[in-house]
file query-v7.cif (mmCIF, C-alpha atoms and all ligand atoms)
data_start
loop_
_atom_site.label_atom_id
_atom_site.label_comp_id
_atom_site.auth_asym_id
_atom_site.auth_seq_id
_atom_site.Cartn_x
_atom_site.Cartn_y
_atom_site.Cartn_z
CA MET A 1 20.78 -12.99 17.31
CA PRO A 2 21.73 -10.01 15.04
CA TRP A 3 21.00 -6.49 16.28
CA ASP A 4 17.51 -5.37 15.43
CA VAL A 5 15.65 -2.08 15.61
CA LEU A 6 12.52 -3.88 16.88
CA THR A 7 11.83 -4.68 20.54
CA ASP A 8 11.69 -8.31 21.71
CA GLU A 9 7.89 -8.20 21.67
CA GLN A 10 7.84 -6.78 18.13
CA ARG A 11 10.30 -9.43 16.96
CA GLU A 12 8.07 -12.16 18.33
CA LEU A 13 5.11 -10.75 16.44
CA ARG A 14 7.19 -10.49 13.27
CA GLU A 15 8.23 -14.12 13.70
CA LEU A 16 4.58 -15.20 13.81
CA VAL A 17 3.78 -13.26 10.63
CA ARG A 18 6.95 -14.56 8.97
CA THR A 19 6.04 -18.16 9.73
CA LEU A 20 2.53 -17.67 8.36
CA ALA A 21 3.97 -16.05 5.22
CA ARG A 22 6.53 -18.80 4.68
CA GLU A 23 4.30 -21.78 5.45
CA ARG A 24 0.89 -20.72 4.18
CA ILE A 25 1.23 -17.87 1.67
CA ALA A 26 4.53 -18.52 -0.16
CA PRO A 27 3.28 -21.88 -1.53
CA ARG A 28 0.23 -20.08 -3.01
CA ALA A 29 2.00 -17.05 -4.56
CA ALA A 30 2.71 -18.47 -8.03
CA GLU A 31 -0.85 -19.86 -8.34
CA ILE A 32 -2.35 -16.51 -7.33
CA ASP A 33 -0.26 -14.84 -10.04
CA GLU A 34 -1.16 -17.43 -12.69
CA SER A 35 -4.87 -17.63 -11.93
CA HIS A 36 -5.51 -13.87 -11.70
CA GLU A 37 -8.08 -14.72 -9.03
CA PHE A 38 -8.57 -12.77 -5.84
CA PRO A 39 -7.15 -14.98 -3.03
CA TRP A 40 -10.09 -15.36 -0.66
CA ASP A 41 -8.20 -18.16 1.10
CA VAL A 42 -5.52 -15.61 2.10
CA VAL A 43 -8.24 -13.28 3.42
CA GLU A 44 -9.60 -16.21 5.44
CA LEU A 45 -6.10 -16.94 6.78
CA PHE A 46 -5.69 -13.29 7.81
CA ARG A 47 -9.08 -13.43 9.53
CA GLU A 48 -8.28 -16.65 11.40
CA HIS A 49 -4.91 -15.36 12.60
CA GLU A 50 -6.21 -11.85 13.38
CA ILE A 51 -3.75 -10.29 10.97
CA PHE A 52 -6.16 -7.51 9.96
CA GLY A 53 -6.22 -6.56 13.65
CA LEU A 54 -2.57 -5.50 13.41
CA LEU A 55 -3.79 -2.39 11.55
CA PHE A 56 -6.27 -1.27 14.21
CA ASP A 57 -6.44 0.10 17.75
CA GLU A 58 -7.66 -2.14 20.57
CA GLU A 59 -10.78 0.01 20.87
CA TRP A 60 -11.97 -1.42 17.53
CA GLY A 61 -10.89 -5.00 18.14
CA GLY A 62 -7.35 -4.61 16.84
CA THR A 63 -4.05 -5.36 18.53
CA GLY A 64 -3.10 -1.71 19.13
CA THR A 65 0.47 -2.58 18.19
CA GLY A 66 0.88 0.57 16.09
CA MET A 67 2.01 1.72 12.66
CA LEU A 68 5.53 0.28 12.76
CA MET A 69 4.21 -3.26 13.30
CA ALA A 70 1.56 -2.76 10.61
CA LEU A 71 4.34 -1.85 8.16
CA VAL A 72 6.53 -4.76 9.27
CA THR A 73 3.55 -7.08 8.66
CA ILE A 74 2.93 -5.75 5.13
CA GLU A 75 6.67 -6.07 4.41
CA GLU A 76 6.84 -9.68 5.63
CA ILE A 77 3.79 -10.80 3.65
CA SER A 78 4.95 -8.94 0.50
CA LYS A 79 8.30 -10.75 0.64
CA VAL A 80 6.49 -13.87 -0.50
CA CYS A 81 3.38 -12.50 -2.26
CA ALA A 82 2.82 -8.86 -3.25
CA THR A 83 -0.90 -9.43 -3.93
CA SER A 84 -1.39 -10.71 -0.37
CA GLY A 85 0.62 -7.80 1.07
CA LEU A 86 -1.61 -5.42 -0.86
CA ILE A 87 -4.73 -6.83 0.79
CA LEU A 88 -3.39 -5.46 4.09
CA ALA A 89 -2.10 -2.18 2.64
CA VAL A 90 -5.54 -1.48 1.14
CA GLN A 91 -7.38 -2.44 4.32
CA GLU A 92 -5.34 0.35 5.92
CA LEU A 93 -5.86 2.75 2.97
CA GLY A 94 -9.62 2.19 2.98
CA SER A 95 -10.06 2.46 6.74
CA LEU A 96 -7.84 5.50 7.37
CA GLY A 97 -10.63 7.91 6.37
CA LEU A 98 -12.78 6.50 9.18
CA LYS A 99 -9.88 6.47 11.64
CA LEU A 100 -8.93 10.09 10.88
CA ALA A 101 -12.25 11.75 10.11
CA GLY A 102 -15.08 9.32 10.97
CA SER A 103 -17.85 10.33 13.37
CA PRO A 104 -18.22 8.14 16.51
CA GLU A 105 -21.23 6.43 14.86
CA GLN A 106 -19.34 5.76 11.62
CA ARG A 107 -16.34 4.33 13.48
CA GLU A 108 -18.59 2.18 15.66
CA ARG A 109 -20.41 0.82 12.62
CA TYR A 110 -17.44 0.06 10.40
CA LEU A 111 -14.09 -0.20 12.18
CA PRO A 112 -14.77 -3.43 14.15
CA ARG A 113 -15.83 -5.18 10.92
CA LEU A 114 -12.69 -3.97 9.17
CA ALA A 115 -10.44 -4.91 12.09
CA SER A 116 -11.73 -8.48 12.08
CA GLY A 117 -11.54 -8.66 8.29
CA GLU A 118 -15.25 -9.52 8.05
CA TRP A 119 -15.43 -6.58 5.64
CA LEU A 120 -12.87 -5.44 3.08
CA CYS A 121 -12.64 -1.83 2.00
CA ALA A 122 -11.36 0.40 -0.80
CA TYR A 123 -10.33 3.98 -1.49
CA ALA A 124 -11.80 5.59 -4.59
CA LEU A 125 -10.11 8.83 -5.62
CA SER A 126 -8.80 8.29 -9.19
CA GLU A 127 -10.92 8.73 -12.29
CA ALA A 128 -10.30 8.09 -15.99
CA GLY A 129 -9.33 11.73 -16.47
CA SER A 130 -7.80 12.48 -13.07
CA GLY A 131 -5.03 10.50 -11.42
CA SER A 132 -2.13 12.71 -10.37
CA ASP A 133 -4.40 15.73 -10.73
CA SER A 134 -7.04 14.30 -8.44
CA ALA A 135 -8.77 17.65 -7.86
CA ALA A 136 -9.84 17.55 -11.54
CA MET A 137 -12.33 14.78 -10.67
CA ARG A 138 -15.79 14.91 -12.32
CA THR A 139 -17.86 12.73 -9.98
CA THR A 140 -20.48 14.82 -8.18
CA ALA A 141 -22.62 14.46 -5.07
CA ARG A 142 -25.69 16.53 -4.21
CA LEU A 143 -27.80 16.53 -1.10
CA GLU A 144 -31.45 15.59 -1.63
CA GLY A 145 -33.45 15.32 1.58
CA ASP A 146 -31.52 13.07 3.89
CA GLU A 147 -29.49 11.41 1.14
CA TYR A 148 -26.58 12.33 -1.12
CA ILE A 149 -26.92 11.39 -4.79
CA LEU A 150 -23.62 10.47 -6.44
CA ASP A 151 -23.07 10.53 -10.21
CA GLY A 152 -19.91 9.72 -12.11
CA GLY A 153 -17.24 7.05 -12.11
CA LYS A 154 -13.92 6.00 -10.62
CA ARG A 155 -11.13 4.10 -12.39
CA PHE A 156 -8.32 1.82 -11.23
CA ILE A 157 -9.82 1.10 -7.82
CA THR A 158 -8.07 -1.68 -5.87
CA ASN A 159 -10.48 -4.17 -4.26
CA ALA A 160 -13.26 -3.24 -6.71
CA GLY A 161 -15.89 -5.95 -6.49
CA VAL A 162 -14.48 -7.53 -3.32
CA ALA A 163 -14.81 -4.57 -0.95
CA ASN A 164 -17.87 -4.11 1.23
CA LEU A 165 -17.28 -0.39 1.60
CA TYR A 166 -15.68 2.27 -0.55
CA ILE A 167 -14.40 5.67 0.57
CA VAL A 168 -15.47 7.79 -2.38
CA PHE A 169 -14.48 11.37 -3.19
CA ALA A 170 -16.90 13.56 -5.13
CA LYS A 171 -17.55 17.23 -5.83
CA THR A 172 -20.33 18.74 -3.77
CA ASP A 173 -19.42 22.17 -5.18
CA PRO A 174 -17.93 21.74 -8.66
CA GLU A 175 -17.00 25.45 -8.89
CA ALA A 176 -14.92 25.46 -5.69
CA GLY A 177 -11.82 23.48 -6.80
CA HIS A 178 -10.12 21.54 -4.00
CA SER A 179 -12.50 22.89 -1.38
CA GLY A 180 -15.53 21.65 -3.31
CA ILE A 181 -14.62 17.99 -2.74
CA SER A 182 -16.28 15.82 -0.09
CA ALA A 183 -15.72 12.26 1.09
CA PHE A 184 -18.39 9.56 1.48
CA VAL A 185 -18.68 6.05 2.80
CA VAL A 186 -20.46 4.01 0.12
CA GLU A 187 -21.51 0.46 0.99
CA SER A 188 -21.31 -2.03 -1.87
CA ASP A 189 -25.08 -2.59 -1.91
CA ALA A 190 -25.92 1.13 -2.24
CA PRO A 191 -28.61 1.61 -4.92
CA GLY A 192 -27.10 3.04 -8.11
CA PHE A 193 -23.60 1.71 -7.42
CA ALA A 194 -21.95 -0.87 -9.68
CA VAL A 195 -18.53 -2.29 -10.55
CA ALA A 196 -18.30 -2.01 -14.33
CA ARG A 197 -15.18 -3.99 -15.20
CA LEU A 198 -11.89 -5.29 -13.88
CA GLU A 199 -8.54 -4.51 -15.53
CA PRO A 200 -6.07 -7.23 -16.59
CA LYS A 201 -2.61 -6.14 -15.35
CA MET A 202 1.17 -6.61 -15.57
CA GLY A 203 1.53 -7.63 -11.92
CA ILE A 204 -0.26 -7.98 -8.56
CA ALA A 205 -2.45 -10.25 -10.64
CA GLY A 206 -4.63 -11.56 -7.81
CA SER A 207 -5.65 -8.06 -6.73
CA THR A 208 -8.77 -6.63 -8.36
CA THR A 209 -8.45 -3.22 -10.04
CA GLY A 210 -11.74 -1.94 -11.36
CA GLU A 211 -14.05 0.74 -12.58
CA LEU A 212 -16.82 1.98 -10.29
CA VAL A 213 -20.00 3.52 -11.65
CA PHE A 214 -22.35 5.81 -9.71
CA GLU A 215 -25.69 6.43 -11.43
CA GLY A 216 -27.97 8.32 -9.12
CA CYS A 217 -26.28 6.36 -6.31
CA ARG A 218 -27.99 7.06 -2.99
CA VAL A 219 -26.11 7.16 0.28
CA PRO A 220 -27.49 8.34 3.63
CA ALA A 221 -26.45 11.92 4.52
CA GLY A 222 -24.87 10.40 7.65
CA ASN A 223 -22.27 8.74 5.39
CA LEU A 224 -20.55 12.05 4.67
CA LEU A 225 -17.04 11.79 6.14
CA GLY A 226 -16.09 14.97 7.99
CA GLU A 227 -17.73 18.14 6.67
CA GLU A 228 -18.71 19.06 3.12
CA GLY A 229 -15.63 20.50 1.37
CA GLU A 230 -13.15 18.65 3.59
CA GLY A 231 -12.75 15.72 1.19
CA PHE A 232 -9.52 16.77 -0.49
CA ARG A 233 -7.81 17.39 2.83
CA ILE A 234 -9.02 14.00 4.10
CA ALA A 235 -7.79 12.31 0.89
CA MET A 236 -4.31 13.81 1.34
CA ARG A 237 -4.12 13.05 5.08
CA ILE A 238 -4.97 9.43 4.26
CA LEU A 239 -2.27 9.24 1.58
CA ASP A 240 0.31 10.77 3.91
CA ARG A 241 -0.05 7.65 6.04
CA SER A 242 -1.10 4.96 3.57
CA ARG A 243 1.82 5.57 1.18
CA ALA A 244 4.04 3.98 3.78
CA GLY A 245 2.05 0.77 3.24
CA ILE A 246 3.11 0.81 -0.41
CA ALA A 247 6.68 1.50 0.68
CA ALA A 248 6.39 -1.61 2.89
CA GLN A 249 5.02 -3.61 -0.03
CA GLY A 250 7.91 -2.44 -2.25
CA LEU A 251 10.49 -3.17 0.43
CA GLY A 252 9.05 -6.65 1.00
CA ILE A 253 9.20 -7.43 -2.73
CA ALA A 254 12.81 -6.15 -2.87
CA GLN A 255 13.96 -8.13 0.17
CA GLY A 256 12.18 -11.27 -1.05
CA ALA A 257 14.01 -10.97 -4.39
CA THR A 258 17.35 -10.32 -2.65
CA ASP A 259 16.94 -13.36 -0.40
CA TYR A 260 16.04 -15.56 -3.35
CA ALA A 261 18.94 -14.31 -5.48
CA LEU A 262 21.36 -14.90 -2.59
CA GLU A 263 20.30 -18.52 -2.14
CA TYR A 264 20.49 -19.11 -5.87
CA ALA A 265 23.93 -17.53 -6.14
CA LYS A 266 25.29 -19.78 -3.40
CA THR A 267 24.44 -22.95 -5.31
CA ARG A 268 24.63 -22.10 -9.02
CA GLU A 269 28.15 -22.77 -10.24
CA THR A 270 29.99 -21.39 -13.28
CA MET A 271 33.69 -21.52 -14.08
CA GLY A 272 34.24 -23.87 -11.19
CA LYS A 273 32.70 -21.90 -8.32
CA PRO A 274 29.36 -20.64 -7.01
CA ILE A 275 28.35 -17.44 -8.86
CA ALA A 276 28.18 -15.64 -5.45
CA GLN A 277 31.96 -15.87 -5.45
CA HIS A 278 32.30 -14.00 -8.74
CA GLN A 279 32.92 -10.41 -7.74
CA LEU A 280 30.43 -8.90 -10.20
CA ILE A 281 27.62 -11.02 -8.74
CA ALA A 282 28.79 -10.43 -5.16
CA ALA A 283 28.69 -6.67 -5.81
CA LYS A 284 25.11 -6.92 -7.08
CA LEU A 285 24.06 -8.82 -3.97
CA ALA A 286 25.77 -6.26 -1.74
CA ASP A 287 24.03 -3.35 -3.49
CA MET A 288 20.65 -5.09 -3.32
CA GLU A 289 20.99 -5.74 0.41
CA THR A 290 22.25 -2.21 1.14
CA LYS A 291 19.37 -0.59 -0.75
CA CYS A 292 16.83 -2.71 1.12
CA GLU A 293 18.35 -1.76 4.45
CA ALA A 294 18.41 1.95 3.52
CA GLY A 295 14.73 1.75 2.53
CA ARG A 296 13.96 0.01 5.80
CA GLY A 297 15.57 2.89 7.66
CA LEU A 298 13.22 5.41 6.04
CA LEU A 299 10.19 3.18 6.43
CA TYR A 300 10.65 2.24 10.08
CA ARG A 301 11.48 5.83 10.97
CA PHE A 302 8.08 6.78 9.53
CA GLY A 303 6.40 4.02 11.55
CA ARG A 304 7.99 5.32 14.73
CA MET A 305 7.04 8.90 13.92
CA VAL A 306 3.37 7.92 13.76
CA ASP A 307 3.58 5.75 16.88
CA GLU A 308 5.27 8.55 18.81
CA GLY A 309 2.68 11.13 17.72
CA ALA A 310 4.67 13.25 15.23
CA PRO A 311 2.52 16.08 13.84
CA ASP A 312 0.80 15.63 10.46
CA ARG A 313 2.98 18.25 8.76
CA GLU A 314 6.06 16.11 9.38
CA LEU A 315 4.48 12.92 8.05
CA THR A 316 4.03 14.22 4.49
CA LYS A 317 7.71 14.35 3.58
CA ALA A 318 8.66 11.25 5.58
CA SER A 319 6.05 9.02 3.92
CA ALA A 320 6.75 10.43 0.44
CA MET A 321 10.49 9.70 0.87
CA ALA A 322 9.83 6.18 2.14
CA LYS A 323 7.42 5.42 -0.72
CA LEU A 324 9.68 6.97 -3.35
CA TYR A 325 12.81 5.19 -2.19
CA CYS A 326 11.39 1.77 -1.33
CA SER A 327 9.48 1.52 -4.61
CA ASP A 328 12.47 2.59 -6.71
CA VAL A 329 14.52 0.02 -4.79
CA ALA A 330 11.86 -2.61 -5.48
CA MET A 331 12.18 -2.03 -9.23
CA GLU A 332 16.00 -1.86 -9.24
CA VAL A 333 16.53 -4.83 -6.97
CA THR A 334 14.04 -7.16 -8.67
CA THR A 335 15.60 -6.33 -12.06
CA GLU A 336 19.01 -7.25 -10.63
CA ALA A 337 17.60 -10.43 -9.09
CA VAL A 338 16.49 -11.55 -12.56
CA GLN A 339 20.03 -10.79 -13.77
CA VAL A 340 21.59 -12.84 -10.97
CA LEU A 341 19.49 -15.85 -12.00
CA GLY A 342 20.48 -15.42 -15.65
CA GLY A 343 18.07 -17.09 -18.09
CA TYR A 344 16.33 -18.84 -15.20
CA GLY A 345 15.37 -15.43 -13.85
CA TYR A 346 13.24 -14.82 -16.90
CA ILE A 347 11.10 -17.92 -16.74
CA ARG A 348 7.99 -18.54 -14.69
CA GLU A 349 9.41 -21.49 -12.78
CA TYR A 350 11.37 -19.04 -10.62
CA PRO A 351 9.66 -16.29 -8.61
CA VAL A 352 11.89 -13.32 -9.46
CA GLU A 353 10.18 -12.47 -12.78
CA ARG A 354 6.88 -12.24 -10.86
CA MET A 355 8.56 -10.04 -8.28
CA MET A 356 9.86 -7.75 -11.05
CA ARG A 357 6.37 -7.44 -12.57
CA ASP A 358 4.85 -6.86 -9.12
CA ALA A 359 7.44 -4.22 -8.23
CA LYS A 360 6.48 -1.82 -11.03
CA ILE A 361 3.12 -0.83 -9.60
CA THR A 362 4.71 0.44 -6.38
CA GLN A 363 6.26 3.31 -8.39
CA LEU A 364 2.83 4.22 -9.77
CA TYR A 365 -0.04 3.96 -7.33
CA GLU A 366 -0.85 6.13 -4.32
CA GLY A 367 0.91 8.91 -6.20
CA THR A 368 3.52 8.25 -8.89
CA ASN A 369 7.15 8.71 -7.94
CA GLU A 370 7.24 11.94 -9.98
CA ILE A 371 4.53 13.23 -7.65
CA GLN A 372 6.44 11.97 -4.58
CA ARG A 373 9.49 13.93 -5.75
CA LEU A 374 7.35 17.05 -6.13
CA VAL A 375 5.99 16.52 -2.60
CA VAL A 376 9.45 16.08 -1.05
CA ALA A 377 10.81 19.15 -2.86
CA ARG A 378 7.76 21.24 -1.86
CA GLU A 379 8.23 20.28 1.80
CA MET A 380 11.98 21.08 1.58
CA LEU A 381 11.15 24.55 0.27
CA LYS A 382 8.87 25.15 3.26
CA GLU A 383 11.52 24.21 5.83
CA GLN A 384 13.43 26.83 7.77
CA ARG A 385 16.87 25.26 7.83
CA ALA A 386 20.07 26.72 9.15
CA PHE A 387 22.32 26.97 6.09
CA LEU A 388 25.86 26.34 7.29
CA LEU A 389 27.54 27.88 4.27
CA ALA A 390 25.65 31.18 4.56
CA GLY A 391 28.03 34.06 4.07
CA VAL A 392 30.73 31.89 2.49
CA SER A 393 31.70 33.26 -0.87
C1 LIG B 401 -3.10 -1.39 -10.28
C2 LIG B 401 -3.57 -0.03 -9.87
C3 LIG B 401 -4.24 0.13 -8.67
C4 LIG B 401 -4.70 1.39 -8.28
N1 LIG B 401 -5.43 1.52 -7.13
C5 LIG B 401 -6.03 2.71 -6.85
C6 LIG B 401 -6.94 2.83 -5.76
O1 LIG B 401 -7.19 1.87 -5.00
N2 LIG B 401 -7.56 4.02 -5.56
C7 LIG B 401 -7.33 5.10 -6.35
O2 LIG B 401 -7.93 6.14 -6.11
N3 LIG B 401 -6.46 5.02 -7.38
C8 LIG B 401 -5.81 3.86 -7.65
N4 LIG B 401 -4.95 3.76 -8.73
C9 LIG B 401 -4.71 4.93 -9.55
C10 LIG B 401 -3.30 5.48 -9.39
O3 LIG B 401 -3.15 6.10 -8.16
C11 LIG B 401 -3.04 6.44 -10.57
O4 LIG B 401 -2.95 5.65 -11.74
C12 LIG B 401 -1.80 7.27 -10.37
O5 LIG B 401 -1.99 8.20 -9.34
C13 LIG B 401 -1.39 8.03 -11.64
O6 LIG B 401 -2.47 8.66 -12.24
P1 LIG B 401 -2.71 8.47 -13.83
O7 LIG B 401 -2.69 7.01 -14.11
O8 LIG B 401 -3.93 9.21 -14.18
O9 LIG B 401 -1.45 9.10 -14.50
P2 LIG B 401 -1.21 10.70 -14.89
O10 LIG B 401 -1.64 11.50 -13.75
O11 LIG B 401 -1.93 10.88 -16.19
O12 LIG B 401 0.32 10.71 -15.09
C14 LIG B 401 0.98 10.26 -16.27
C15 LIG B 401 2.49 10.53 -16.11
O13 LIG B 401 2.72 11.94 -15.94
C16 LIG B 401 3.40 12.18 -14.71
N5 LIG B 401 2.90 13.43 -14.14
C17 LIG B 401 1.61 13.79 -13.92
N6 LIG B 401 1.55 15.02 -13.39
C18 LIG B 401 2.83 15.44 -13.24
C19 LIG B 401 3.43 16.62 -12.74
N7 LIG B 401 2.71 17.61 -12.22
N8 LIG B 401 4.78 16.72 -12.75
C20 LIG B 401 5.55 15.70 -13.23
N9 LIG B 401 5.03 14.56 -13.73
C21 LIG B 401 3.69 14.43 -13.73
C22 LIG B 401 3.08 10.99 -13.84
O14 LIG B 401 4.05 10.80 -12.82
C23 LIG B 401 3.08 9.87 -14.86
O15 LIG B 401 4.40 9.46 -15.12
C24 LIG B 401 -4.45 2.51 -9.10
C25 LIG B 401 -3.73 2.35 -10.31
C26 LIG B 401 -3.31 1.10 -10.69
C27 LIG B 401 -2.58 0.95 -12.02
#
call {"tool": "encode", "arguments": {"input": "query-v7.cif", "output": "structure tokens"}}
result
Amino acid sequence: MPWDVLTDEQRELRELVRTLARERIAPRAAEIDESHEFPWDVVELFREHEIFGLLFDEEWGGTGTGMLMALVTIEEISKVCATSGLILAVQELGSLGLKLAGSPEQRERYLPRLASGEWLCAYALSEAGSGSDSAAMRTTARLEGDEYILDGGKRFITNAGVANLYIVFAKTDPEAGHSGISAFVVESDAPGFAVARLEPKMGIAGSTTGELVFEGCRVPAGNLLGEEGEGFRIAMRILDRSRAGIAAQGLGIAQGATDYALEYAKTRETMGKPIAQHQLIAAKLADMETKCEAGRGLLYRFGRMVDEGAPDRELTKASAMAKLYCSDVAMEVTTEAVQVLGGYGYIREYPVERMMRDAKITQLYEGTNEIQRLVVAREMLKEQRAFLLAGVS
């Protein structure tokens, strides 16, 4: 067996997920893309096989197998279907607020349902006028008796209409900038809450992306996450971890495309030999594989950092680098996979055009790659590094 960074136990778990992906999800991927319908059958499969549990501690009914295995799982599922991989990445994104800042009562109420997959969740930060500049949000929340009243709207929210709970960010003090933002748990049946519309998209077609409306939406005061004014910090702490899930999705798409292109190149013949034996195609395959492996290095390192208790301040740069690199690799590699298949790469009968469309979103959501570059550079500027060339003129 080839050398592997995972332990024997982790490899066994990966094998189980891989088999499920290959046998049960891969045959559905093209249909999910064509139909633009949310794949409830995949959710059911994840529930039956306790796949959601891979994202949660044992205390909440999960497997307690840690961040690295959660990322490996998202990668393996995304190799065959990016929409299905996203279901897991967003279950992590939507539950991280509770894991990091939830009160004991909030965790008790929600985390077991999320770990079993009985409930799906969502993370609602972006608005029509505020994506990268999330602190410019307009949604407000005010305390009235023992309830908060939310007014405003959110845009581009993954799992809109299928989630049972939404982590929603709103301004409790509109004059206070970042420190006027608070986070709330909003259940889907909260009075005054509605999903206004779903967006047709380029890729991840089975995933819902929608607009949320809050019109005098009432949530119990006990649904405030953390303290008033802590919302922005919570939102960023969540993204510092969840971005790695998008990196895993991107890496999975890239590796899936590489594997497919390799198999194709071994059998498609031109000028009397398989195209894999033409040096220009062989070079493409080598670059695709190398980029995937480099992305995996960044991603798994991040997984280990979390599992080994690295401090929050070190996670920011590591997750931004993993997300930035793996998503750029996803776009580059899927574009090359289409090229390797020639004209066949461009038609729906083959999966690489879907992979190319699916790859694009990984460079955009959970912070665009321009924002990731700003984050990495900002963290570099904070570091106290020994500069070896100091004094050299
Ligand atoms: C399919 C999909 C699913 C999504 N899911 C969710 C979700 O579940 N929850 C959620 O809250 N949001 C979600 N989003 C929103 C997503 O995170 C935002 O679209 C993204 O952060 C970019 O924001 P924007 O679209 O407003 O672009 P803008 O912020 O308007 O950016 C436009 C362009 O300007 C660049 N730019 C902006 N500011 C700077 C700067 N300071 N320096 C350099 N370049 C800059 C950007 O990189 C981008 O290229 C989703 C979006 C999509 C399309």
call {"tool": "closest_residue", "arguments": {"input": "query-v7.cif", "among": "A:Thr335, A:Ser242, A:Thr270, A:Thr258", "to": "ligand LIG 401 (chain B)", "atoms": "all atoms listed in the file"}}
result
A:Ser242
call {"tool": "residues_near_ligand", "arguments": {"input": "query-v7.cif", "ligand": "ligand LIG 401 (chain B)", "cutoff": "10 Å", "atoms": "all atoms listed in the file", "output": "MDAnalysis selection string"}}
result
chainID A and resid 86 90 93:94 121:134 154:160 166:169 199:205 207:210 235 358 360:374
call {"tool": "write_last_selection", "arguments": {"input": "query-v7.cif", "atoms": "C-alpha atoms", "output": "compact mmCIF listing (two decimals), keeping the file's coordinate frame"}}
result
# COMPACT_ATOMS: atom_id res chain seq x y z
CA LEU A 86 -1.61 -5.42 -0.86
CA VAL A 90 -5.54 -1.48 1.14
CA LEU A 93 -5.86 2.75 2.97
CA GLY A 94 -9.62 2.19 2.98
CA CYS A 121 -12.64 -1.83 2.00
CA ALA A 122 -11.36 0.40 -0.80
CA TYR A 123 -10.33 3.98 -1.49
CA ALA A 124 -11.80 5.59 -4.59
CA LEU A 125 -10.11 8.83 -5.62
CA SER A 126 -8.80 8.29 -9.19
CA GLU A 127 -10.92 8.73 -12.29
CA ALA A 128 -10.30 8.09 -15.99
CA GLY A 129 -9.33 11.73 -16.47
CA SER A 130 -7.80 12.48 -13.07
CA GLY A 131 -5.03 10.50 -11.42
CA SER A 132 -2.13 12.71 -10.37
CA ASP A 133 -4.40 15.73 -10.73
CA SER A 134 -7.04 14.30 -8.44
CA LYS A 154 -13.92 6.00 -10.62
CA ARG A 155 -11.13 4.10 -12.39
CA PHE A 156 -8.32 1.82 -11.23
CA ILE A 157 -9.82 1.10 -7.82
CA THR A 158 -8.07 -1.68 -5.87
CA ASN A 159 -10.48 -4.17 -4.26
CA ALA A 160 -13.26 -3.24 -6.71
CA TYR A 166 -15.68 2.27 -0.55
CA ILE A 167 -14.40 5.67 0.57
CA VAL A 168 -15.47 7.79 -2.38
CA PHE A 169 -14.48 11.37 -3.19
CA GLU A 199 -8.54 -4.51 -15.53
CA PRO A 200 -6.07 -7.23 -16.59
CA LYS A 201 -2.61 -6.14 -15.35
CA MET A 202 1.17 -6.61 -15.57
CA GLY A 203 1.53 -7.63 -11.92
CA ILE A 204 -0.26 -7.98 -8.56
CA ALA A 205 -2.45 -10.25 -10.64
CA SER A 207 -5.65 -8.06 -6.73
CA THR A 208 -8.77 -6.63 -8.36
CA THR A 209 -8.45 -3.22 -10.04
CA GLY A 210 -11.74 -1.94 -11.36
CA ALA A 235 -7.79 12.31 0.89
CA ASP A 358 4.85 -6.86 -9.12
CA LYS A 360 6.48 -1.82 -11.03
CA ILE A 361 3.12 -0.83 -9.60
CA THR A 362 4.71 0.44 -6.38
CA GLN A 363 6.26 3.31 -8.39
CA LEU A 364 2.83 4.22 -9.77
CA TYR A 365 -0.04 3.96 -7.33
CA GLU A 366 -0.85 6.13 -4.32
CA GLY A 367 0.91 8.91 -6.20
CA THR A 368 3.52 8.25 -8.89
CA ASN A 369 7.15 8.71 -7.94
CA GLU A 370 7.24 11.94 -9.98
CA ILE A 371 4.53 13.23 -7.65
CA GLN A 372 6.44 11.97 -4.58
CA ARG A 373 9.49 13.93 -5.75
CA LEU A 374 7.35 17.05 -6.13
call {"tool": "closest_atom_pairs", "arguments": {"input": "query-v7.cif", "of": "segment 294-320 of chain A", "to": "segment 58-77 of chain A", "cutoff": "8 Å", "atoms": "all atoms listed in the file", "output": "JSON lines"}}
result
{"residue": "A:Leu299", "atom": "CA", "partner": "A:Leu71", "partner_atom": "CA", "distance": 7.9}
{"residue": "A:Tyr300", "atom": "CA", "partner": "A:Leu68", "partner_atom": "CA", "distance": 6.1}
{"residue": "A:Phe302", "atom": "CA", "partner": "A:Leu68", "partner_atom": "CA", "distance": 7.7}
{"residue": "A:Gly303", "atom": "CA", "partner": "A:Leu68", "partner_atom": "CA", "distance": 4.0}
{"residue": "A:Arg304", "atom": "CA", "partner": "A:Leu68", "partner_atom": "CA", "distance": 5.9}
{"residue": "A:Val306", "atom": "CA", "partner": "A:Met67", "partner_atom": "CA", "distance": 6.4}
{"residue": "A:Asp307", "atom": "CA", "partner": "A:Gly66", "partner_atom": "CA", "distance": 5.9}
call {"tool": "residues_around", "arguments": {"input": "query-v7.cif", "residues": "Met356 of chain A", "least_positions_apart": "4", "cutoff": "9 Å", "atoms": "all atoms listed in the file", "output": "MDAnalysis selection string"}}
result
chainID A and resid 203 253:254 257 330:335 337:338 351:352 360
call {"tool": "closest_residue", "arguments": {"input": "query-v7.cif", "among": "A:Thr19, A:Thr140, A:Ser327, A:Ser319", "to": "Gln255 of chain A", "atoms": "only C-alpha atoms"}}
result
A:Ser327
call {"tool": "closest_atom_pairs", "arguments": {"input": "query-v7.cif", "of": "segment 27-131 of chain A", "to": "segment 185-192 of chain A", "cutoff": "12 Å", "atoms": "all atoms listed in the file", "output": "CSV"}}
result
residue,atom,partner,partner_atom,distance
A:Gly94,CA,A:Val185,CA,9.8
A:Ser95,CA,A:Val185,CA,10.1
A:Leu96,CA,A:Val185,CA,11.8
A:Gly97,CA,A:Val185,CA,9.0
A:Leu98,CA,A:Val185,CA,8.7
A:Ala101,CA,A:Val185,CA,11.3
A:Gly102,CA,A:Val185,CA,9.5
A:Ser103,CA,A:Val185,CA,11.4
A:Gln106,CA,A:Val185,CA,8.8
A:Arg107,CA,A:Val185,CA,11.1
A:Arg109,CA,A:Val185,CA,11.3
A:Tyr110,CA,A:Val185,CA,9.8
A:Trp119,CA,A:Glu187,CA,10.4
A:Leu120,CA,A:Ser188,CA,10.4
A:Cys121,CA,A:Glu187,CA,9.2
A:Ala122,CA,A:Val186,CA,9.8
A:Tyr123,CA,A:Val185,CA,9.6
A:Ala124,CA,A:Val186,CA,10.0
